[in-house]
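Structure first, then comments.
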Protein chains: 2
Amino acid sequence: VTVDLDFFRKIASAAAAETLPRFRRHGTVDNKIEGGFDPVTEADRAAERAIRAVIRGAFPDHGILGEEDGGERLDSRHIWVIDPIDGTRSFISGLPVWGTLAGLTVDGRAEAGLMSQPFTGELFYCDGATSRYEGPGGGSELVTRKTMDLGAATLFTTTPAYFRGRKRDAYDRLEGCVRLARYGVDCYAFAMVAAGFIDIVVETGLQPYDIVALIPIVARAGGVVTASDGGPAEKGGEIVAAATPELHAKVLDILNAR
Amino acid sequence: VTVDLDFFRKIASAAAAETLPRFRRHGTVDNKIEGGFDPVTEADRAAERAIRAVIRGAFPDHGILGEEDGGERLDSRHIWVIDPIDGTRSFISGLPVWGTLAGLTVDGRAEAGLMSQPFTGELFYCDGATSRYEGPGGGSELVTRKTMDLGAATLFTTTPAYFRGRKRDAYDRLEGCVRLARYGVDCYAFAMVAAGFIDIVVETGLQPYDIVALIPIVARAGGVVTASDGGPAEKGGEIVAAATPELHAKVLDILNAR
């Protein structure tokens with residue numbers, strides 16, 4: 001399987017054609033879950049259709065698992081896991097820190113992936129071998145920061161409120177150990193781990209389509225992404241991404257301490 | 001005093017020439033306050049010098065109050081209040097949600113202001129009469145969303161942790177009333193109130209240079225910005241920005257309830 005920048009650009013362009021015209025337009029928000037607030041836009045649905053068409057055209061025998069429309073050909077060894085707008089809350093708030101995610105799993109392991117931010121014109125991607133950035137100022141390799149100590153680390157999570165009970169206590173312990181803790185920005189935080197400007201992202205309640213694309217981007221840049229129990233991250237749940245193996249081990253120690 | 005788009009573009013360009021080349025570069029962070037984490041970059045300092053030069057050139061008798069270098073000619077009726085990088089934590093984390101702020105007070109009241117985001121190429125500004133946006137997709141008037149009810153509102157704050165004791169209780173009450181609460185993004189949240197995609201921003205511990213530029217941008221777009229006691233926002237402290245007067249009144253009621 002060849003997954004190169006050209007292919008990722010096709011996915012990013014197809015998605016952007018649906019998302020960007022609807023970004024910062026009023027009246028495109030509705031509620032997916034009655035009573036809760038889980039915004040889905042027309043952009044989300046249309047972009048997923050567009051991404052599926054690009055994948056089907058290039059890899060007709062690959063499976064596809066999406067946020068909006070479920071799965072197809074999930075018995076394939078190769079499965080694309082896509083989220084047309086990761087960070088819908090940022091999207092509906094007009095903030096340019098959402099992204100389009102498309103990740104390729106082979107036999108269940110994430111091998112390649114794309115995070116695209118069309119308003120800023122940025123791509124963060126892993127072609128299976130290296131992680132790279134393409135943006136308005138040009139391209140570069142993505143390399144994590146060599147942070148070893150929690151006391152020197154910047155930590156991001158969507159919000160501490162997502163951690164409940166003992167998990168909240170564990171998160172709070174971690175936050176108490178780091179140099180800087182900030183909230184929000186979803187996939188963009190993982191991209192910045194790969195780029196070397198954030199050291200740790202911890203999230204809970206992730207779906208596979210929230211994380212699969214980001215795993216190889218961070219890992220091939222030098223970082224580590226696992227579930228908080230140290231197992232594979234591909235199934236989502238509680239996820240730890242860290243800039244170095246050493247830092248990752250320290251985060252897991254704190255989250256799993258009793 | 002004429003403060004038009006051309007002048008704001010000069011400020012934005014002068015600042016961007018110092019900030020952008022240092023955005024997403026490693027090794028430009030230090031600590032302003034021993035023991036705390038208050039990052040200041042070379043970009044911050046250099047951009048403030050550049051902005052001051054532009055203001056002095058256009059308005060030699062105006063005063064200038066900056067984050068980095070203090071005040072000059074503060075006995076003038078016209079005082080510019082500037083923050084070269086509002087959102088330094090986002091800046092050092094590689095996130096494009098910081099901004100350059102320059103606001104003009106006349107006899108102590110904020111009358112005009114600029115928020116510039118050079119990585120995205122966006123200007124949000126008020127020339128004293130109207131609030132406008134200039135970005136990669138063109139320009140438009142800024143108009144707040146006509147949200148009247150807390151239950152329909154999106155709320156932003158940097159982090160609830162900044163509210164202490166009874167103020168935290170009041171903040172939590174407010175968060176419990178809104179449709180969606182999100183954290184972070186500093187000046188960008190105020191810009192999105194003006195643009196009609198966020199309804200409420202509540203912050204505490206603001207300095208004048210964090211808020212003065214944003215007051216007229218939000219107010220001339222149809223919103224209301226005051227201190228949480230209803231007084232003028234120009235001195236900073238605990239600040240409430242809301243998309244409509246009706247929503248603003250409801251926020252103040254909740255924050256000041258006993």
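By convention here, the chains of the structure tokens are called A, B, ... in the order presented, each chain's residues are numbered starting at 1, and ligands are numbered starting at 1 in the order presented.
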_Polymer residues at most 8 Å from stretch 120-136 of chain A, only C-alpha atoms, same-chain spacing of 2 or more positions, as an MDAnalysis selection string_ = (chainID A and resid 2:5 8 12 96 111:118 138:143 191 194 216:218 220:221) or (chainID B and resid 119:120)
Counting only C-alpha atoms, which residues of chain A come no farther than 9 Å from chain B, as a PDB file with all heavy atoms, in the first residue's frame?
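And here is the file that came out, iface00.pdb:
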ATOM      1  N   ARG A  24     -17.634  29.024   9.901  1.00  0.00           N
ATOM      2  CA  ARG A  24     -18.033  30.409  10.186  1.00  0.00           C
ATOM      3  C   ARG A  24     -19.241  30.847   9.372  1.00  0.00           C
ATOM      4  O   ARG A  24     -19.347  32.012   8.995  1.00  0.00           O
ATOM      5  CB  ARG A  24     -16.864  31.364   9.988  1.00  0.00           C
ATOM      6  CG  ARG A  24     -15.725  31.057  10.954  1.00  0.00           C
ATOM      7  CD  ARG A  24     -14.747  32.182  11.019  1.00  0.00           C
ATOM      8  NE  ARG A  24     -13.632  31.843  11.888  1.00  0.00           N
ATOM      9  CZ  ARG A  24     -12.476  32.493  11.892  1.00  0.00           C
ATOM     10  NH1 ARG A  24     -12.298  33.512  11.085  1.00  0.00           N
ATOM     11  NH2 ARG A  24     -11.509  32.139  12.710  1.00  0.00           N
ATOM     12  N   ARG A  25     -20.120  29.888   9.094  1.00  0.00           N
ATOM     13  CA  ARG A  25     -21.439  30.232   8.576  1.00  0.00           C
ATOM     14  C   ARG A  25     -22.436  29.910   9.676  1.00  0.00           C
ATOM     15  O   ARG A  25     -22.288  28.914  10.379  1.00  0.00           O
ATOM     16  CB  ARG A  25     -21.790  29.430   7.318  1.00  0.00           C
ATOM     17  CG  ARG A  25     -20.919  29.739   6.121  1.00  0.00           C
ATOM     18  CD  ARG A  25     -21.173  31.149   5.588  1.00  0.00           C
ATOM     19  NE  ARG A  25     -20.250  31.495   4.507  1.00  0.00           N
ATOM     20  CZ  ARG A  25     -19.014  31.970   4.691  1.00  0.00           C
ATOM     21  NH1 ARG A  25     -18.544  32.144   5.908  1.00  0.00           N
ATOM     22  NH2 ARG A  25     -18.249  32.283   3.664  1.00  0.00           N
ATOM     23  N   HIS A  26     -23.436  30.741   9.799  1.00  0.00           N
ATOM     24  CA  HIS A  26     -24.418  30.511  10.853  1.00  0.00           C
ATOM     25  C   HIS A  26     -25.455  29.497  10.404  1.00  0.00           C
ATOM     26  O   HIS A  26     -25.706  29.314   9.221  1.00  0.00           O
ATOM     27  CB  HIS A  26     -25.085  31.834  11.238  1.00  0.00           C
ATOM     28  CG  HIS A  26     -24.126  32.795  11.847  1.00  0.00           C
ATOM     29  ND1 HIS A  26     -23.727  32.711  13.154  1.00  0.00           N
ATOM     30  CD2 HIS A  26     -23.456  33.842  11.314  1.00  0.00           C
ATOM     31  CE1 HIS A  26     -22.861  33.680  13.399  1.00  0.00           C
ATOM     32  NE2 HIS A  26     -22.674  34.377  12.305  1.00  0.00           N
ATOM     33  N   GLY A  36     -28.339  15.974  24.940  1.00  0.00           N
ATOM     34  CA  GLY A  36     -26.944  16.330  25.091  1.00  0.00           C
ATOM     35  C   GLY A  36     -26.566  17.394  24.074  1.00  0.00           C
ATOM     36  O   GLY A  36     -27.413  17.856  23.319  1.00  0.00           O
ATOM     37  N   PHE A  37     -25.286  17.744  24.054  1.00  0.00           N
ATOM     38  CA  PHE A  37     -24.836  18.703  23.058  1.00  0.00           C
ATOM     39  C   PHE A  37     -23.709  18.071  22.285  1.00  0.00           C
ATOM     40  O   PHE A  37     -22.566  18.084  22.695  1.00  0.00           O
ATOM     41  CB  PHE A  37     -24.386  20.009  23.713  1.00  0.00           C
ATOM     42  CG  PHE A  37     -24.031  21.058  22.700  1.00  0.00           C
ATOM     43  CD1 PHE A  37     -25.027  21.744  22.035  1.00  0.00           C
ATOM     44  CD2 PHE A  37     -22.717  21.327  22.382  1.00  0.00           C
ATOM     45  CE1 PHE A  37     -24.713  22.703  21.093  1.00  0.00           C
ATOM     46  CE2 PHE A  37     -22.402  22.278  21.433  1.00  0.00           C
ATOM     47  CZ  PHE A  37     -23.399  22.964  20.783  1.00  0.00           C
ATOM     48  N   ARG A  89     -16.741  21.186  18.299  1.00  0.00           N
ATOM     49  CA  ARG A  89     -17.045  22.320  19.184  1.00  0.00           C
ATOM     50  C   ARG A  89     -16.197  23.534  18.823  1.00  0.00           C
ATOM     51  O   ARG A  89     -16.661  24.674  18.895  1.00  0.00           O
ATOM     52  CB  ARG A  89     -16.862  21.912  20.642  1.00  0.00           C
ATOM     53  CG  ARG A  89     -17.953  20.950  21.103  1.00  0.00           C
ATOM     54  CD  ARG A  89     -17.609  20.313  22.448  1.00  0.00           C
ATOM     55  NE  ARG A  89     -18.678  19.433  22.904  1.00  0.00           N
ATOM     56  CZ  ARG A  89     -18.877  18.192  22.444  1.00  0.00           C
ATOM     57  NH1 ARG A  89     -18.060  17.688  21.533  1.00  0.00           N
ATOM     58  NH2 ARG A  89     -19.856  17.456  22.899  1.00  0.00           N
ATOM     59  N   SER A  90     -14.944  23.321  18.442  1.00  0.00           N
ATOM     60  CA  SER A  90     -14.138  24.435  17.944  1.00  0.00           C
ATOM     61  C   SER A  90     -14.693  24.935  16.611  1.00  0.00           C
ATOM     62  O   SER A  90     -14.774  26.144  16.383  1.00  0.00           O
ATOM     63  CB  SER A  90     -12.675  24.000  17.764  1.00  0.00           C
ATOM     64  OG  SER A  90     -12.053  23.821  19.013  1.00  0.00           O
ATOM     65  N   ILE A  92     -17.779  24.911  15.444  1.00  0.00           N
ATOM     66  CA  ILE A  92     -18.984  25.747  15.571  1.00  0.00           C
ATOM     67  C   ILE A  92     -18.701  27.021  16.346  1.00  0.00           C
ATOM     68  O   ILE A  92     -19.476  27.973  16.272  1.00  0.00           O
ATOM     69  CB  ILE A  92     -20.152  24.991  16.231  1.00  0.00           C
ATOM     70  CG1 ILE A  92     -19.811  24.592  17.670  1.00  0.00           C
ATOM     71  CG2 ILE A  92     -20.563  23.792  15.397  1.00  0.00           C
ATOM     72  CD1 ILE A  92     -21.007  24.101  18.456  1.00  0.00           C
ATOM     73  N   SER A  93     -17.573  27.075  17.064  1.00  0.00           N
ATOM     74  CA  SER A  93     -17.200  28.302  17.770  1.00  0.00           C
ATOM     75  C   SER A  93     -16.306  29.198  16.925  1.00  0.00           C
ATOM     76  O   SER A  93     -15.824  30.228  17.399  1.00  0.00           O
ATOM     77  CB  SER A  93     -16.481  27.951  19.084  1.00  0.00           C
ATOM     78  OG  SER A  93     -17.312  27.167  19.932  1.00  0.00           O
ATOM     79  N   GLY A  94     -16.060  28.813  15.670  1.00  0.00           N
ATOM     80  CA  GLY A  94     -15.296  29.657  14.755  1.00  0.00           C
ATOM     81  C   GLY A  94     -13.796  29.567  14.912  1.00  0.00           C
ATOM     82  O   GLY A  94     -13.066  30.355  14.299  1.00  0.00           O
ATOM     83  N   LEU A  95     -13.304  28.607  15.707  1.00  0.00           N
ATOM     84  CA  LEU A  95     -11.876  28.538  16.019  1.00  0.00           C
ATOM     85  C   LEU A  95     -11.152  27.603  15.063  1.00  0.00           C
ATOM     86  O   LEU A  95     -11.626  26.496  14.799  1.00  0.00           O
ATOM     87  CB  LEU A  95     -11.691  28.023  17.449  1.00  0.00           C
ATOM     88  CG  LEU A  95     -12.407  28.837  18.524  1.00  0.00           C
ATOM     89  CD1 LEU A  95     -12.338  28.119  19.864  1.00  0.00           C
ATOM     90  CD2 LEU A  95     -11.797  30.226  18.638  1.00  0.00           C
ATOM     91  N   PRO A  96      -9.980  27.996  14.565  1.00  0.00           N
ATOM     92  CA  PRO A  96      -9.269  27.192  13.560  1.00  0.00           C
ATOM     93  C   PRO A  96      -8.442  26.071  14.159  1.00  0.00           C
ATOM     94  O   PRO A  96      -7.323  25.830  13.727  1.00  0.00           O
ATOM     95  CB  PRO A  96      -8.385  28.229  12.872  1.00  0.00           C
ATOM     96  CG  PRO A  96      -8.043  29.195  13.959  1.00  0.00           C
ATOM     97  CD  PRO A  96      -9.278  29.259  14.848  1.00  0.00           C
ATOM     98  N   VAL A  97      -8.965  25.383  15.169  1.00  0.00           N
ATOM     99  CA  VAL A  97      -8.199  24.309  15.804  1.00  0.00           C
ATOM    100  C   VAL A  97      -8.955  22.980  15.747  1.00  0.00           C
ATOM    101  O   VAL A  97      -8.802  22.139  16.632  1.00  0.00           O
ATOM    102  CB  VAL A  97      -7.801  24.677  17.255  1.00  0.00           C
ATOM    103  CG1 VAL A  97      -6.646  25.666  17.217  1.00  0.00           C
ATOM    104  CG2 VAL A  97      -8.961  25.251  18.042  1.00  0.00           C
ATOM    105  N   PHE A 119      -8.456  25.682   7.080  1.00  0.00           N
ATOM    106  CA  PHE A 119      -8.480  27.156   7.196  1.00  0.00           C
ATOM    107  C   PHE A 119      -7.059  27.707   7.251  1.00  0.00           C
ATOM    108  O   PHE A 119      -6.748  28.735   6.650  1.00  0.00           O
ATOM    109  CB  PHE A 119      -9.265  27.589   8.436  1.00  0.00           C
ATOM    110  CG  PHE A 119      -9.453  29.071   8.547  1.00  0.00           C
ATOM    111  CD1 PHE A 119     -10.379  29.731   7.761  1.00  0.00           C
ATOM    112  CD2 PHE A 119      -8.693  29.820   9.434  1.00  0.00           C
ATOM    113  CE1 PHE A 119     -10.549  31.111   7.851  1.00  0.00           C
ATOM    114  CE2 PHE A 119      -8.842  31.193   9.533  1.00  0.00           C
ATOM    115  CZ  PHE A 119      -9.775  31.841   8.737  1.00  0.00           C
ATOM    116  N   THR A 120      -6.175  27.001   7.976  1.00  0.00           N
ATOM    117  CA  THR A 120      -4.781  27.439   8.047  1.00  0.00           C
ATOM    118  C   THR A 120      -3.950  26.846   6.906  1.00  0.00           C
ATOM    119  O   THR A 120      -2.796  27.236   6.727  1.00  0.00           O
ATOM    120  CB  THR A 120      -4.136  27.014   9.385  1.00  0.00           C
ATOM    121  OG1 THR A 120      -4.249  25.589   9.520  1.00  0.00           O
ATOM    122  CG2 THR A 120      -4.835  27.683  10.554  1.00  0.00           C
ATOM    123  N   GLY A 121      -4.524  25.897   6.162  1.00  0.00           N
ATOM    124  CA  GLY A 121      -3.795  25.283   5.053  1.00  0.00           C
ATOM    125  C   GLY A 121      -2.680  24.355   5.493  1.00  0.00           C
ATOM    126  O   GLY A 121      -1.637  24.267   4.844  1.00  0.00           O
ATOM    127  N   PRO A 136       1.570  26.700   4.959  1.00  0.00           N
ATOM    128  CA  PRO A 136       1.770  27.875   4.096  1.00  0.00           C
ATOM    129  C   PRO A 136       3.240  28.287   3.993  1.00  0.00           C
ATOM    130  O   PRO A 136       3.665  28.841   2.992  1.00  0.00           O
ATOM    131  CB  PRO A 136       0.917  28.963   4.754  1.00  0.00           C
ATOM    132  CG  PRO A 136       0.448  28.418   6.054  1.00  0.00           C
ATOM    133  CD  PRO A 136       0.655  26.947   6.064  1.00  0.00           C
ATOM    134  N   ARG A 145       9.572  17.019  20.777  1.00  0.00           N
ATOM    135  CA  ARG A 145      10.532  17.631  21.686  1.00  0.00           C
ATOM    136  C   ARG A 145      11.082  16.551  22.610  1.00  0.00           C
ATOM    137  O   ARG A 145      10.373  15.611  22.949  1.00  0.00           O
ATOM    138  CB  ARG A 145       9.802  18.710  22.489  1.00  0.00           C
ATOM    139  CG  ARG A 145      10.668  19.579  23.327  1.00  0.00           C
ATOM    140  CD  ARG A 145      10.033  20.946  23.571  1.00  0.00           C
ATOM    141  NE  ARG A 145       8.707  20.895  24.192  1.00  0.00           N
ATOM    142  CZ  ARG A 145       7.919  21.963  24.347  1.00  0.00           C
ATOM    143  NH1 ARG A 145       8.319  23.149  23.919  1.00  0.00           N
ATOM    144  NH2 ARG A 145       6.725  21.856  24.899  1.00  0.00           N
ATOM    145  N   THR A 154       4.535  20.418  28.890  1.00  0.00           N
ATOM    146  CA  THR A 154       3.239  21.042  28.626  1.00  0.00           C
ATOM    147  C   THR A 154       2.224  19.935  28.359  1.00  0.00           C
ATOM    148  O   THR A 154       2.448  19.072  27.518  1.00  0.00           O
ATOM    149  CB  THR A 154       3.327  21.966  27.400  1.00  0.00           C
ATOM    150  OG1 THR A 154       4.237  23.033  27.681  1.00  0.00           O
ATOM    151  CG2 THR A 154       1.958  22.551  27.072  1.00  0.00           C
ATOM    152  N   THR A 158      -8.836  17.877  26.689  1.00  0.00           N
ATOM    153  CA  THR A 158      -9.999  18.651  26.269  1.00  0.00           C
ATOM    154  C   THR A 158     -10.580  19.407  27.445  1.00  0.00           C
ATOM    155  O   THR A 158     -10.747  20.625  27.398  1.00  0.00           O
ATOM    156  CB  THR A 158     -11.056  17.739  25.635  1.00  0.00           C
ATOM    157  OG1 THR A 158     -10.470  17.119  24.493  1.00  0.00           O
ATOM    158  CG2 THR A 158     -12.280  18.527  25.212  1.00  0.00           C
ATOM    159  N   THR A 159     -10.890  18.691  28.508  1.00  0.00           N
ATOM    160  CA  THR A 159     -11.292  19.320  29.771  1.00  0.00           C
ATOM    161  C   THR A 159     -11.157  18.293  30.881  1.00  0.00           C
ATOM    162  O   THR A 159     -11.496  17.115  30.693  1.00  0.00           O
ATOM    163  CB  THR A 159     -12.737  19.859  29.742  1.00  0.00           C
ATOM    164  OG1 THR A 159     -13.154  20.144  31.087  1.00  0.00           O
ATOM    165  CG2 THR A 159     -13.705  18.868  29.118  1.00  0.00           C
ATOM    166  N   ARG A 179       4.574  21.463  33.982  1.00  0.00           N
ATOM    167  CA  ARG A 179       4.902  22.873  33.975  1.00  0.00           C
ATOM    168  C   ARG A 179       3.715  23.729  33.554  1.00  0.00           C
ATOM    169  O   ARG A 179       3.482  24.815  34.089  1.00  0.00           O
ATOM    170  CB  ARG A 179       6.047  23.082  32.974  1.00  0.00           C
ATOM    171  CG  ARG A 179       6.627  24.481  33.009  1.00  0.00           C
ATOM    172  CD  ARG A 179       7.702  24.624  31.947  1.00  0.00           C
ATOM    173  NE  ARG A 179       8.493  25.823  32.169  1.00  0.00           N
ATOM    174  CZ  ARG A 179       9.272  26.366  31.253  1.00  0.00           C
ATOM    175  NH1 ARG A 179       9.378  25.804  30.064  1.00  0.00           N
ATOM    176  NH2 ARG A 179       9.952  27.452  31.508  1.00  0.00           N
ATOM    177  N   LEU A 180       2.968  23.254  32.582  1.00  0.00           N
ATOM    178  CA  LEU A 180       1.866  24.034  32.025  1.00  0.00           C
ATOM    179  C   LEU A 180       0.776  23.072  31.600  1.00  0.00           C
ATOM    180  O   LEU A 180       1.054  22.085  30.908  1.00  0.00           O
ATOM    181  CB  LEU A 180       2.355  24.845  30.811  1.00  0.00           C
ATOM    182  CG  LEU A 180       1.308  25.612  30.000  1.00  0.00           C
ATOM    183  CD1 LEU A 180       0.641  26.692  30.843  1.00  0.00           C
ATOM    184  CD2 LEU A 180       1.948  26.239  28.758  1.00  0.00           C
ATOM    185  N   ARG A 182      -3.078  22.989  29.729  1.00  0.00           N
ATOM    186  CA  ARG A 182      -4.054  23.787  28.974  1.00  0.00           C
ATOM    187  C   ARG A 182      -5.133  22.855  28.443  1.00  0.00           C
ATOM    188  O   ARG A 182      -4.899  21.648  28.302  1.00  0.00           O
ATOM    189  CB  ARG A 182      -3.366  24.482  27.788  1.00  0.00           C
ATOM    190  CG  ARG A 182      -2.331  25.495  28.226  1.00  0.00           C
ATOM    191  CD  ARG A 182      -2.923  26.784  28.673  1.00  0.00           C
ATOM    192  NE  ARG A 182      -3.377  27.588  27.542  1.00  0.00           N
ATOM    193  CZ  ARG A 182      -3.968  28.769  27.657  1.00  0.00           C
ATOM    194  NH1 ARG A 182      -4.205  29.282  28.847  1.00  0.00           N
ATOM    195  NH2 ARG A 182      -4.337  29.437  26.595  1.00  0.00           N
ATOM    196  N   TYR A 183      -6.271  23.429  28.104  1.00  0.00           N
ATOM    197  CA  TYR A 183      -7.436  22.636  27.722  1.00  0.00           C
ATOM    198  C   TYR A 183      -7.867  22.941  26.296  1.00  0.00           C
ATOM    199  O   TYR A 183      -7.665  24.025  25.781  1.00  0.00           O
ATOM    200  CB  TYR A 183      -8.587  22.927  28.684  1.00  0.00           C
ATOM    201  CG  TYR A 183      -8.207  22.788  30.133  1.00  0.00           C
ATOM    202  CD1 TYR A 183      -8.612  23.730  31.078  1.00  0.00           C
ATOM    203  CD2 TYR A 183      -7.416  21.726  30.560  1.00  0.00           C
ATOM    204  CE1 TYR A 183      -8.248  23.607  32.415  1.00  0.00           C
ATOM    205  CE2 TYR A 183      -7.042  21.604  31.889  1.00  0.00           C
ATOM    206  CZ  TYR A 183      -7.466  22.552  32.811  1.00  0.00           C
ATOM    207  OH  TYR A 183      -7.087  22.438  34.133  1.00  0.00           O
ATOM    208  N   GLY A 184      -8.513  21.945  25.694  1.00  0.00           N
ATOM    209  CA  GLY A 184      -9.125  22.140  24.382  1.00  0.00           C
ATOM    210  C   GLY A 184      -8.224  21.718  23.235  1.00  0.00           C
ATOM    211  O   GLY A 184      -7.233  21.024  23.424  1.00  0.00           O
ATOM    212  N   VAL A 185      -8.635  22.065  22.053  1.00  0.00           N
ATOM    213  CA  VAL A 185      -7.953  21.969  20.756  1.00  0.00           C
ATOM    214  C   VAL A 185      -7.843  20.552  20.173  1.00  0.00           C
ATOM    215  O   VAL A 185      -7.320  20.400  19.078  1.00  0.00           O
ATOM    216  CB  VAL A 185      -6.600  22.713  20.685  1.00  0.00           C
ATOM    217  CG1 VAL A 185      -6.748  24.110  21.253  1.00  0.00           C
ATOM    218  CG2 VAL A 185      -5.436  22.000  21.326  1.00  0.00           C
ATOM    219  N   TYR A 188      -5.577  18.967  17.238  1.00  0.00           N
ATOM    220  CA  TYR A 188      -4.479  19.903  17.056  1.00  0.00           C
ATOM    221  C   TYR A 188      -3.405  19.740  18.141  1.00  0.00           C
ATOM    222  O   TYR A 188      -2.215  19.944  17.878  1.00  0.00           O
ATOM    223  CB  TYR A 188      -5.022  21.337  17.056  1.00  0.00           C
ATOM    224  CG  TYR A 188      -4.324  22.245  16.087  1.00  0.00           C
ATOM    225  CD1 TYR A 188      -4.897  22.566  14.863  1.00  0.00           C
ATOM    226  CD2 TYR A 188      -3.075  22.773  16.386  1.00  0.00           C
ATOM    227  CE1 TYR A 188      -4.254  23.390  13.971  1.00  0.00           C
ATOM    228  CE2 TYR A 188      -2.418  23.588  15.492  1.00  0.00           C
ATOM    229  CZ  TYR A 188      -3.008  23.893  14.291  1.00  0.00           C
ATOM    230  OH  TYR A 188      -2.354  24.710  13.400  1.00  0.00           O
ATOM    231  N   ALA A 189      -3.823  19.319  19.328  1.00  0.00           N
ATOM    232  CA  ALA A 189      -2.844  19.107  20.395  1.00  0.00           C
ATOM    233  C   ALA A 189      -1.920  17.936  20.053  1.00  0.00           C
ATOM    234  O   ALA A 189      -0.705  18.014  20.267  1.00  0.00           O
ATOM    235  CB  ALA A 189      -3.557  18.863  21.725  1.00  0.00           C
ATOM    236  N   MET A 192       0.603  18.993  17.582  1.00  0.00           N
ATOM    237  CA  MET A 192       1.666  19.794  18.180  1.00  0.00           C
ATOM    238  C   MET A 192       2.610  18.955  19.045  1.00  0.00           C
ATOM    239  O   MET A 192       3.749  19.364  19.280  1.00  0.00           O
ATOM    240  CB  MET A 192       1.066  20.950  18.981  1.00  0.00           C
ATOM    241  CG  MET A 192       0.498  22.059  18.101  1.00  0.00           C
ATOM    242  SD  MET A 192       1.751  22.824  17.004  1.00  0.00           S
ATOM    243  CE  MET A 192       1.107  22.325  15.395  1.00  0.00           C
ATOM    244  N   VAL A 193       2.161  17.799  19.525  1.00  0.00           N
ATOM    245  CA  VAL A 193       3.116  16.849  20.128  1.00  0.00           C
ATOM    246  C   VAL A 193       4.081  16.380  19.047  1.00  0.00           C
ATOM    247  O   VAL A 193       5.305  16.390  19.234  1.00  0.00           O
ATOM    248  CB  VAL A 193       2.395  15.646  20.774  1.00  0.00           C
ATOM    249  CG1 VAL A 193       3.416  14.590  21.205  1.00  0.00           C
ATOM    250  CG2 VAL A 193       1.572  16.097  21.976  1.00  0.00           C
ATOM    251  N   ALA A 195       4.886  17.894  16.397  1.00  0.00           N
ATOM    252  CA  ALA A 195       5.689  19.030  15.926  1.00  0.00           C
ATOM    253  C   ALA A 195       6.691  19.526  16.966  1.00  0.00           C
ATOM    254  O   ALA A 195       7.527  20.377  16.657  1.00  0.00           O
ATOM    255  CB  ALA A 195       4.767  20.181  15.518  1.00  0.00           C
ATOM    256  N   GLY A 196       6.569  19.032  18.203  1.00  0.00           N
ATOM    257  CA  GLY A 196       7.552  19.395  19.219  1.00  0.00           C
ATOM    258  C   GLY A 196       7.227  20.610  20.055  1.00  0.00           C
ATOM    259  O   GLY A 196       8.125  21.210  20.645  1.00  0.00           O
ATOM    260  N   PHE A 197       5.943  20.981  20.150  1.00  0.00           N
ATOM    261  CA  PHE A 197       5.578  22.163  20.942  1.00  0.00           C
ATOM    262  C   PHE A 197       4.681  21.850  22.125  1.00  0.00           C
ATOM    263  O   PHE A 197       4.388  22.718  22.939  1.00  0.00           O
ATOM    264  CB  PHE A 197       4.936  23.222  20.047  1.00  0.00           C
ATOM    265  CG  PHE A 197       5.876  23.683  18.984  1.00  0.00           C
ATOM    266  CD1 PHE A 197       5.777  23.212  17.691  1.00  0.00           C
ATOM    267  CD2 PHE A 197       6.906  24.550  19.300  1.00  0.00           C
ATOM    268  CE1 PHE A 197       6.675  23.607  16.720  1.00  0.00           C
ATOM    269  CE2 PHE A 197       7.816  24.951  18.334  1.00  0.00           C
ATOM    270  CZ  PHE A 197       7.706  24.481  17.041  1.00  0.00           C
ATOM    271  N   ILE A 198       4.186  20.634  22.195  1.00  0.00           N
ATOM    272  CA  ILE A 198       3.413  20.145  23.331  1.00  0.00           C
ATOM    273  C   ILE A 198       4.022  18.782  23.671  1.00  0.00           C
ATOM    274  O   ILE A 198       4.485  18.066  22.780  1.00  0.00           O
ATOM    275  CB  ILE A 198       1.918  20.010  22.962  1.00  0.00           C
ATOM    276  CG1 ILE A 198       1.299  21.401  22.748  1.00  0.00           C
ATOM    277  CG2 ILE A 198       1.151  19.230  24.030  1.00  0.00           C
ATOM    278  CD1 ILE A 198      -0.144  21.367  22.251  1.00  0.00           C
TER     279      ILE A 198
END
*Go through A:Thr244, A:Asn256, A:Thr105, A:Thr204 one by one, measure the shortest atom-to-atom distance of each to A:Trp80 using only C-alpha atoms, and give the residue with the smallest value.*
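Smallest separation from A:Trp80 among the options: A:Thr105.
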*In terms of the shortest atom-to-atom distance over only C-alpha atoms, which of B:Arg45, B:Lys235, B:Arg56, B:Arg109 is closest to B:Arg77?*
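Ranking B:Arg45, B:Lys235, B:Arg56, B:Arg109 by distance to B:Arg77, first place goes to B:Arg109.
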*Figure out the distance between atom CA of B:Gly63 and atom CA of B:Arg49, please, to one decimal in Å.*
14.1 Å
*For the atom pair atom CA of B:His248 and atom CA of B:Ala153, what is the interatomic distance in Å to one decimal place?*
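These two atoms are separated by 11.0 Å.
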_Let me make sure I understand: among A:Cys177, A:Val225, A:Val1, A:Ala243, which one has the smallest atom-to-atom distance to A:Val212 if we use only C-alpha atoms?_
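Of the candidates, the smallest distance to A:Val212 is held by A:Val225.
These are the residues of stretch 122-179 of chain A assigned helix (DSSP H, G or I) by DSSP from backbone coordinates: Leu150, Gly151, Ala152, Pro160, Ala161, Tyr162, Arg166, Lys167, Arg168, Asp169, Ala170, Tyr171, Asp172, Arg173, Leu174, Glu175, Gly176 and Cys177 of chain A.
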*Excluding same-chain residues fewer than 2 positions from A:Pro60, what lies within 12 Å of it counting only C-alpha atoms, as a VMD selection string?*
chain A and resid 52 to 58 62 to 64 72 to 73 76 78 to 80
